[in-house]
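Here's the structure, in structure tokens; my notes come after.
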Amino acid sequence: MKWANLVVAGVLAAMAVAAGAAPAFTGVQEQVANVERAFAATMRARDHAAFVAFLSDEAVFSGGTQSLHGKKAVADEWKKFFAKPDAPFSWEPDEVEVLASGTLAKTSGPVHGPDGKLIARFSSVWRLEAPNTWRIVFDGGVEVCGNK
């Protein structure tokens, strides 16, 4: 009987993954996922100042023609993405990993264009900074195949 329950649970879990169900994060993972979601919400809300508040002073963003080093450089370059009334892209974490120390985390997930089409995957590294605030230290993205 226990084996049958395990098989049914496994099939249901596989069906949830296949259906694109949101991943289930727990504890600090959920906390970091929520921070990533709040960071993404700054783009939807067209709130550049809120976006900048998530950046570590040491932030490094890559993926463009050259890496951006420091909060000011990232803020200045990303201001263009907030210039128009509609967001040029959106993102959502589907993977979150946290060190056992609970002070460093990695998030990644899909990036969608304004039409909802998958255009890239992002990967971010978050550090717990004083006063108990998660800030992004590394960020980058990779276009999905066939997106050119």
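Labels used: A, B, ... for chains in the order of the structure tokens, numbers from 1 for residues in each chain, and numbers from 1 for ligands as shown.
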So that I can see what lies close to A:Leu118, please list as a tab-separated table (two decimals) with N, CA and C atoms, in the first residue's frame the residues with an atom at most 9 Å from it, counting only C-alpha atoms and leaving out residues fewer than 6 positions away in the same chain.
chain	number	residue	atom	x	y	z
A	110	PRO	N	12.93	32.32	-15.95
A	110	PRO	CA	12.64	32.81	-17.30
A	110	PRO	C	12.48	34.33	-17.35
A	111	VAL	N	12.85	34.88	-18.50
A	111	VAL	CA	12.63	36.28	-18.82
A	111	VAL	C	11.69	36.29	-20.03
A	112	HIS	N	10.62	37.05	-19.94
A	112	HIS	CA	9.63	37.11	-21.01
A	112	HIS	C	9.57	38.51	-21.61
A	143	GLU	N	20.26	34.64	-23.60
A	143	GLU	CA	19.14	34.48	-24.52
A	143	GLU	C	18.85	33.02	-24.75
A	144	VAL	N	17.57	32.71	-24.94
A	144	VAL	CA	17.21	31.33	-25.26
A	144	VAL	C	17.48	31.08	-26.75
A	147	ASN	N	16.18	32.93	-30.43
A	147	ASN	CA	15.59	34.21	-30.08
A	147	ASN	C	16.15	35.37	-30.90
Residue contacts of A:Lys72 (10 Å, only C-alpha atoms) excluding same-chain residues fewer than 5 positions away, as a PyMOL selection string: chain A and resi 52+55-59+77-78
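Of the listed residues A:Ala40, A:Val142, A:Val125, A:Ala130, the one whose atoms come nearest to A:Leu99 is A:Val125, with distances taken using only C-alpha atoms.
Rounded to one decimal, atom CA of A:Met43 and atom CA of A:Lys79 lie 10.4 Å from each other.
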Using only C-alpha atoms for the distances, tell me which of A:Phe61, A:Phe54, A:Phe82, A:Phe39 is nearest to A:Gly140. A:Phe61
Could you write out, as a PyMOL selection string, all the residues of chain A that DSSP marks as strand (DSSP E)? chain A and resi 55-61+68-69+90-91+95-98+104-112+118-129+133-143
Excluding A:Val32 and residues on its chain fewer than 6 positions from it, collect all residues at most 8 Å away from it, counting only C-alpha atoms, and give them as a ChimeraX atom specification. /A:96,105,107,126,134
Resulting file, chosen residues, N, CA, C and O atoms, as a tab-separated table (two decimals), in the first residue's frame:
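Saved as again.tsv:
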chain	number	residue	atom	x	y	z
A	96	VAL	N	15.79	28.64	-6.73
A	96	VAL	CA	16.41	29.40	-5.65
A	96	VAL	C	17.29	28.45	-4.85
A	96	VAL	O	16.81	27.40	-4.41
A	105	ALA	N	22.64	33.74	-1.80
A	105	ALA	CA	21.63	32.96	-2.51
A	105	ALA	C	21.74	33.21	-4.01
A	105	ALA	O	22.21	34.26	-4.45
A	107	THR	N	19.36	32.99	-7.57
A	107	THR	CA	18.04	32.84	-8.16
A	107	THR	C	18.21	32.76	-9.67
A	107	THR	O	19.14	33.31	-10.24
A	126	TRP	N	22.36	36.94	-4.70
A	126	TRP	CA	21.92	37.86	-3.66
A	126	TRP	C	22.74	37.65	-2.40
A	126	TRP	O	23.06	36.52	-2.04
A	134	TRP	N	18.37	41.68	1.77
A	134	TRP	CA	18.95	41.00	0.62
A	134	TRP	C	19.18	42.02	-0.49
A	134	TRP	O	18.28	42.76	-0.85
With distances taken over only C-alpha atoms, which residue among A:Ser62, A:Thr26, A:Ser90, A:Gln31 lies nearest A:Asn132?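 Counting only C-alpha atoms, the residue closest to A:Asn132 is A:Gln31.
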Of the listed residues A:Glu30, A:Gly70, A:Thr42, A:Val35, that which approaches A:Leu128 most closely, counting only C-alpha atoms: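 Of the candidates, the smallest distance to A:Leu128 is held by A:Val35.
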Enter the distance from atom CA of A:Lys80 to atom CA of A:His48, in Å, rounded to one decimal.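 Spanning atom CA of A:Lys80 to atom CA of A:His48 is a straight-line distance of 9.5 Å.
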Taking the backbone alone, and naming residues the way the document does, which bits of chain A are helix (DSSP H, G or I) by DSSP, as an MDAnalysis selection string? chainID A and resid 2:18 27:44 48:53 71:82
